[in-house]
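Source file: structure_21.cif. Holds: mmCIF, C-alpha atoms.
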data_structure
loop_
_atom_site.group_PDB
_atom_site.id
_atom_site.type_symbol
_atom_site.label_atom_id
_atom_site.label_comp_id
_atom_site.auth_asym_id
_atom_site.auth_seq_id
_atom_site.Cartn_x
_atom_site.Cartn_y
_atom_site.Cartn_z
ATOM 1 C CA MET A 1 -8.147 -24.283 11.351
ATOM 2 C CA ILE A 2 -7.705 -26.256 8.140
ATOM 3 C CA GLU A 3 -4.992 -28.919 7.933
ATOM 4 C CA GLY A 4 -3.225 -29.182 4.626
ATOM 5 C CA PRO A 5 -1.341 -32.011 2.930
ATOM 6 C CA GLY A 6 2.184 -33.010 3.860
ATOM 7 C CA HIS A 7 3.611 -33.691 0.391
ATOM 8 C CA VAL A 8 3.330 -30.921 -2.202
ATOM 9 C CA PRO A 9 5.700 -30.366 -5.156
ATOM 10 C CA MET A 10 7.291 -26.924 -5.229
ATOM 11 C CA GLN A 11 5.365 -25.763 -8.293
ATOM 12 C CA MET A 12 2.009 -26.577 -6.661
ATOM 13 C CA ILE A 13 2.534 -24.856 -3.294
ATOM 14 C CA LYS A 14 1.089 -21.484 -4.299
ATOM 15 C CA ALA A 15 -1.968 -23.058 -5.920
ATOM 16 C CA ASN A 16 -2.495 -25.143 -2.758
ATOM 17 C CA MET A 17 -2.383 -22.026 -0.579
ATOM 18 C CA ASP A 18 -4.548 -19.934 -2.906
ATOM 19 C CA LYS A 19 -7.219 -22.643 -3.110
ATOM 20 C CA GLU A 20 -7.377 -22.983 0.681
ATOM 21 C CA LEU A 21 -7.759 -19.220 1.131
ATOM 22 C CA SER A 22 -10.508 -19.113 -1.484
ATOM 23 C CA ASP A 23 -12.476 -22.249 -0.575
ATOM 24 C CA CYS A 24 -12.142 -21.889 3.216
ATOM 25 C CA PHE A 25 -12.701 -18.122 3.393
ATOM 26 C CA GLU A 26 -9.144 -17.458 4.697
ATOM 27 C CA ALA A 27 -9.476 -19.813 7.655
ATOM 28 C CA PRO A 28 -6.062 -20.439 9.285
ATOM 29 C CA PHE A 29 -4.172 -23.058 7.276
ATOM 30 C CA THR A 30 -1.749 -25.427 8.998
ATOM 31 C CA THR A 31 0.543 -27.486 6.778
ATOM 32 C CA LEU A 32 2.572 -30.615 7.488
ATOM 33 C CA GLY A 33 5.677 -29.203 5.912
ATOM 34 C CA PRO A 34 4.919 -29.448 3.101
ATOM 35 C CA LEU A 35 7.676 -31.799 1.969
ATOM 36 C CA THR A 36 8.739 -30.762 -1.521
ATOM 37 C CA THR A 37 10.347 -34.091 -2.474
ATOM 38 C CA ASP A 38 10.042 -37.727 -1.409
ATOM 39 C CA ILE A 39 13.598 -38.803 -2.249
ATOM 40 C CA ALA A 40 15.250 -37.726 1.017
ATOM 41 C CA PRO A 41 13.961 -39.875 3.895
ATOM 42 C CA GLY A 42 15.835 -39.002 7.058
ATOM 43 C CA TYR A 43 16.190 -35.408 5.903
ATOM 44 C CA ASP A 44 12.551 -34.437 6.197
ATOM 45 C CA HIS A 45 13.478 -31.375 8.244
ATOM 46 C CA ILE A 46 15.246 -30.005 5.145
ATOM 47 C CA THR A 47 12.598 -30.860 2.545
ATOM 48 C CA SER A 48 9.950 -29.636 4.983
ATOM 49 C CA ALA A 49 11.755 -26.353 5.628
ATOM 50 C CA ILE A 50 11.962 -25.658 1.901
ATOM 51 C CA GLY A 51 8.210 -26.080 1.521
ATOM 52 C CA ALA A 52 7.375 -24.307 4.773
ATOM 53 C CA ALA A 53 9.323 -21.177 3.870
ATOM 54 C CA ARG A 54 7.550 -21.052 0.532
ATOM 55 C CA ILE A 55 4.027 -21.629 1.797
ATOM 56 C CA GLY A 56 4.700 -19.334 4.763
ATOM 57 C CA TRP A 57 5.402 -16.530 2.317
ATOM 58 C CA TYR A 58 2.065 -17.204 0.639
ATOM 59 C CA GLY A 59 0.202 -16.906 3.958
ATOM 60 C CA THR A 60 -0.077 -20.193 5.836
ATOM 61 C CA ALA A 61 -0.953 -19.934 9.549
ATOM 62 C CA CYS A 62 1.609 -22.436 10.810
ATOM 63 C CA CYS A 63 3.891 -25.270 9.806
ATOM 64 C CA VAL A 64 3.873 -28.402 11.935
ATOM 65 C CA THR A 65 6.857 -30.456 13.016
ATOM 66 C CA SER A 66 7.654 -32.678 15.982
ATOM 67 C CA ARG A 67 10.325 -31.729 18.486
ATOM 68 C CA ARG A 68 10.221 -35.224 19.972
ATOM 69 C CA ARG A 69 11.086 -36.873 16.683
ATOM 70 C CA ASN A 70 13.824 -34.529 15.535
ATOM 71 C CA ILE A 71 15.070 -31.388 17.260
ATOM 72 C CA SER A 72 16.625 -30.284 13.963
ATOM 73 C CA ALA A 73 13.143 -30.289 12.434
ATOM 74 C CA CYS A 74 11.960 -27.828 15.054
ATOM 75 C CA ARG A 75 14.883 -25.507 14.388
ATOM 76 C CA ALA A 76 14.440 -25.819 10.630
ATOM 77 C CA SER A 77 10.755 -24.908 10.914
ATOM 78 C CA ARG A 78 11.542 -21.897 13.065
ATOM 79 C CA THR A 79 14.163 -20.809 10.555
ATOM 80 C CA CYS A 80 11.762 -21.045 7.613
ATOM 81 C CA ALA A 81 9.080 -19.250 9.648
ATOM 82 C CA ARG A 82 11.442 -16.316 10.154
ATOM 83 C CA ALA A 83 12.537 -16.367 6.512
ATOM 84 C CA SER A 84 8.981 -16.407 5.174
ATOM 85 C CA SER A 85 7.825 -13.366 7.134
ATOM 86 C CA PRO A 86 8.626 -9.884 5.829
ATOM 87 C CA THR A 87 8.235 -8.474 9.350
ATOM 88 C CA GLY A 88 10.391 -10.912 11.296
ATOM 89 C CA LEU A 89 8.815 -13.377 13.698
ATOM 90 C CA PRO A 90 9.295 -14.435 17.294
ATOM 91 C CA LEU A 91 10.737 -17.858 18.018
ATOM 92 C CA THR A 92 7.302 -19.428 18.344
ATOM 93 C CA LEU A 93 4.856 -20.741 15.798
ATOM 94 C CA PRO A 94 2.227 -20.128 14.355
ATOM 95 C CA ILE A 95 3.518 -17.802 11.691
ATOM 96 C CA SER A 96 0.422 -16.190 10.188
ATOM 97 C CA LEU A 97 1.169 -13.048 8.211
ATOM 98 C CA ARG A 98 -2.452 -11.925 8.585
ATOM 99 C CA VAL A 99 -3.537 -12.909 12.080
ATOM 100 C CA PHE A 100 -0.488 -12.426 14.290
ATOM 101 C CA PRO A 101 1.138 -8.964 14.057
ATOM 102 C CA VAL A 102 4.469 -9.295 15.874
ATOM 103 C CA ARG A 103 7.503 -7.302 16.921
ATOM 104 C CA ASN A 104 10.442 -7.417 14.555
ATOM 105 C CA PHE A 105 12.736 -9.832 16.362
ATOM 106 C CA ALA A 106 14.905 -10.241 13.267
ATOM 107 C CA THR A 107 15.747 -6.525 13.289
ATOM 108 C CA MET A 108 16.428 -6.698 17.018
ATOM 109 C CA ARG A 109 18.983 -9.463 16.486
ATOM 110 C CA CYS A 110 20.622 -7.496 13.644
ATOM 111 C CA LEU A 111 21.100 -4.561 16.018
ATOM 112 C CA LYS A 112 22.780 -6.845 18.568
ATOM 113 C CA ARG A 113 25.079 -8.071 15.801
ATOM 114 C CA PHE A 114 25.955 -4.517 14.779
ATOM 115 C CA GLU A 115 26.684 -3.659 18.434
ATOM 116 C CA PHE A 116 28.817 -6.818 18.886
ATOM 117 C CA ARG A 117 26.651 -7.975 21.775
ATOM 118 C CA TRP A 118 27.644 -11.613 21.432
ATOM 119 C CA GLU A 119 25.701 -13.044 24.356
ATOM 120 C CA ASP A 120 22.524 -11.305 23.185
ATOM 121 C CA GLN A 121 23.087 -12.689 19.703
ATOM 122 C CA PHE A 122 23.434 -16.199 21.097
ATOM 123 C CA ASN A 123 20.337 -15.900 23.265
ATOM 124 C CA LEU A 124 18.194 -14.534 20.413
ATOM 125 C CA GLY A 125 19.297 -17.328 18.078
ATOM 126 C CA LEU A 126 17.554 -20.634 17.441
ATOM 127 C CA ASP A 127 20.410 -22.698 18.885
ATOM 128 C CA PRO A 128 22.513 -20.682 21.376
ATOM 129 C CA GLU A 129 24.713 -23.640 22.326
ATOM 130 C CA ARG A 130 25.697 -24.381 18.726
ATOM 131 C CA ALA A 131 26.387 -20.683 18.065
ATOM 132 C CA ARG A 132 28.722 -20.537 21.074
ATOM 133 C CA GLU A 133 30.486 -23.710 19.901
ATOM 134 C CA TYR A 134 31.198 -22.170 16.503
ATOM 135 C CA LEU A 135 32.573 -18.944 17.971
ATOM 136 C CA ASP A 136 34.678 -20.872 20.479
ATOM 137 C CA ALA A 137 36.140 -22.973 17.662
ATOM 138 C CA THR A 138 37.847 -19.906 16.182
ATOM 139 C CA LEU A 139 37.916 -17.384 19.064
ATOM 140 C CA PRO A 140 37.942 -19.442 22.283
ATOM 141 C CA LYS A 141 39.127 -16.743 24.703
ATOM 142 C CA GLU A 142 36.522 -15.171 26.943
ATOM 143 C CA SER A 143 37.589 -11.735 25.683
ATOM 144 C CA ALA A 144 36.177 -12.701 22.262
ATOM 145 C CA LYS A 145 32.680 -12.474 23.751
ATOM 146 C CA VAL A 146 33.082 -8.691 24.035
ATOM 147 C CA ALA A 147 35.315 -8.125 21.007
ATOM 148 C CA HIS A 148 34.183 -5.780 18.240
ATOM 149 C CA PHE A 149 35.080 -8.218 15.473
ATOM 150 C CA CYS A 150 34.692 -11.875 14.585
ATOM 151 C CA SER A 151 36.945 -14.437 12.899
ATOM 152 C CA MET A 152 35.629 -13.664 9.403
ATOM 153 C CA CYS A 153 37.287 -10.271 8.793
ATOM 154 C CA GLY A 154 39.262 -9.728 11.992
ATOM 155 C CA PRO A 155 39.721 -6.459 13.878
ATOM 156 C CA HIS A 156 40.952 -4.314 10.953
ATOM 157 C CA PHE A 157 38.456 -5.099 8.178
ATOM 158 C CA CYS A 158 35.117 -5.428 9.987
ATOM 159 C CA SER A 159 32.506 -3.539 7.949
ATOM 160 C CA MET A 160 30.290 -2.978 10.993
ATOM 161 C CA GLN A 161 33.154 -1.530 13.030
ATOM 162 C CA ILE A 162 34.228 0.699 10.125
ATOM 163 C CA THR A 163 30.633 1.905 9.719
ATOM 164 C CA GLN A 164 30.511 2.763 13.406
ATOM 165 C CA GLU A 165 33.828 4.642 13.188
ATOM 166 C CA VAL A 166 32.514 6.639 10.212
ATOM 167 C CA ARG A 167 29.399 7.573 12.187
ATOM 168 C CA GLU A 168 31.442 8.619 15.210
ATOM 169 C CA TYR A 169 33.803 10.687 13.022
ATOM 170 C CA ALA A 170 30.833 12.366 11.330
ATOM 171 C CA ALA A 171 29.291 13.190 14.709
ATOM 172 C CA ARG A 172 32.550 14.768 15.919
ATOM 173 C CA GLN A 173 32.790 16.831 12.734
ATOM 174 C CA GLY A 174 29.122 17.805 12.804
ATOM 175 C CA ILE A 175 28.471 16.433 9.318
ATOM 176 C CA GLU A 176 26.339 13.689 7.771
ATOM 177 C CA ALA A 177 27.790 10.174 7.682
ATOM 178 C CA GLN A 178 27.546 10.037 3.873
ATOM 179 C CA THR A 179 29.440 13.337 3.625
ATOM 180 C CA ALA A 180 32.132 11.990 5.953
ATOM 181 C CA LEU A 181 32.382 8.855 3.838
ATOM 182 C CA ALA A 182 32.710 10.822 0.590
ATOM 183 C CA THR A 183 35.327 13.105 2.141
ATOM 184 C CA GLY A 184 37.321 10.153 3.428
ATOM 185 C CA LEU A 185 37.227 8.351 0.097
ATOM 186 C CA ALA A 186 38.349 11.494 -1.729
ATOM 187 C CA ALA A 187 41.260 11.906 0.684
ATOM 188 C CA LYS A 188 42.310 8.274 0.190
ATOM 189 C CA ALA A 189 42.069 8.652 -3.594
ATOM 190 C CA GLU A 190 44.338 11.697 -3.472
ATOM 191 C CA GLU A 191 46.784 9.831 -1.246
ATOM 192 C CA PHE A 192 46.781 6.901 -3.696
ATOM 193 C CA VAL A 193 47.485 9.114 -6.726
ATOM 194 C CA SER A 194 50.183 11.155 -4.982
ATOM 195 C CA GLY A 195 51.869 7.914 -3.961
ATOM 196 C CA GLY A 196 52.260 6.875 -7.593
ATOM 197 C CA ALA A 197 48.912 5.132 -8.146
ATOM 198 C CA GLU A 198 50.594 1.751 -7.845
ATOM 199 C CA ILE A 199 48.533 -1.160 -6.565
ATOM 200 C CA TYR A 200 51.528 -3.430 -5.986
ATOM 201 C CA HIS A 201 54.657 -2.359 -4.122
ATOM 202 C CA ARG A 202 57.921 -4.151 -3.552
ATOM 203 C CA ALA A 203 58.249 -5.449 -0.011
#

Translate this file's structure into structure tokens.
Amino acid sequence: MIEGPGHVPMQMIKANMDKELSDCFEAPFTTLGPLTTDIAPGYDHITSAIGAARIGWYGTACCVTSRRRNISACRASRTCARASSPTGLPLTLPISLRVFPVRNFATMRCLKRFEFRWEDQFNLGLDPERAREYLDATLPKESAKVAHFCSMCGPHFCSMQITQEVREYAARQGIEAQTALATGLAAKAEEFVSGGAEIYHRA
């Protein structure tokens, strides 16, 4: 494994990665970040994550950080590792796009989100405790952990819930979801026009 530099300007990251792959015959490349700027001491986990996501996309094997020094750095590195992989990565490093074929954990978490499986979403996240804190700040009741909506759009305007209702309606009617959607939109358009086509109504 080849260890790379820790400070690399953004515009030189690709050249750094390409040169390592060429000169070292694609040996695994581990980078110390890289930090993309030197003006933010104390925020190295941010400048490092920026560089790590970029060089991860270009094919680095892993990005190094220290959990002992800064737990946020570890979470930032895991976040950039996930972001830099087109296939979705597990919560462990290294993050090689060539050497480590992995299951698509990102897709798995998206499915849990679509199914409103809150506890699964928390447990698949990088920081389950913080995620629970944020949900509890707006929806503190225990029933919110099984609710099919969040505090962003509420129970009546959740796009995921509406999508699920469209699919269920289409299944009951024996038609494709897109057909059901088109039919529903046409019916609403007709209702709008027959009601006077007015956007604003007096209360």

Could you name the residues that touch Cys63 of chain A at 7 Å or less, counting all atoms listed in the file, but leaving out those on the same chain fewer than 5 positions away, as a PyMOL selection string?
chain A and resi 30-33+52+77

Just checking: using only C-alpha atoms, which residue out of A:Glu168, A:Asp120, A:Glu191, A:Glu133 ends up closest to Val146 of chain A?
A:Asp120

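The coordinates place atom CA of Arg75 of chain A at 9.3 Å from atom CA of Ala49 of chain A.
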
List, as a VMD selection string, every residue that the PyMOL selection byres ((chain A and resi 150-154) around 10) selects in the file provided.
chain A and resid 116 118 135 137 to 139 144 to 145 147 to 149 155 to 159

Min atom-atom distance to Tyr58 of chain A from the set A:Glu190, A:Asp38, A:Asp18, A:Asp44, counting only C-alpha atoms, belongs to A:Asp18

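One finds atom CA of Met160 of chain A at 12.4 Å from atom CA of Arg117 of chain A.
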
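Selection by the PyMOL selection byres ((chain A and resi 6) around 9) on the present file picks out Gly4, Pro5, His7, Val8, Thr31, Leu32, Gly33, Pro34, Leu35, Thr36 and Ser48 of chain A.
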
Residues from last step as file, C-alpha atoms, as a PDB file, in the coordinates of the input:
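Listing of result20.pdb after writing:
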ATOM      1  CA  GLY A   4      -3.225 -29.182   4.626  1.00  0.00           C
ATOM      2  CA  PRO A   5      -1.341 -32.011   2.930  1.00  0.00           C
ATOM      3  CA  HIS A   7       3.611 -33.691   0.391  1.00  0.00           C
ATOM      4  CA  VAL A   8       3.330 -30.921  -2.202  1.00  0.00           C
ATOM      5  CA  THR A  31       0.543 -27.486   6.778  1.00  0.00           C
ATOM      6  CA  LEU A  32       2.572 -30.615   7.488  1.00  0.00           C
ATOM      7  CA  GLY A  33       5.677 -29.203   5.912  1.00  0.00           C
ATOM      8  CA  PRO A  34       4.919 -29.448   3.101  1.00  0.00           C
ATOM      9  CA  LEU A  35       7.676 -31.799   1.969  1.00  0.00           C
ATOM     10  CA  THR A  36       8.739 -30.762  -1.521  1.00  0.00           C
ATOM     11  CA  SER A  48       9.950 -29.636   4.983  1.00  0.00           C
TER      12      SER A  48
END

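Between atom CA of Glu26 of chain A and atom CA of Arg54 of chain A the separation is 17.6 Å.
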
Considering all atoms listed in the file, return as an NGL selection string whatever protein or nucleic-acid residues lie within 12 Å of Lys19 of chain A, sequence-local ones (same chain, fewer than 3 positions apart) excluded.
:A and (2 or 4 or 12-16 or 22-27 or 29 or 58-60)
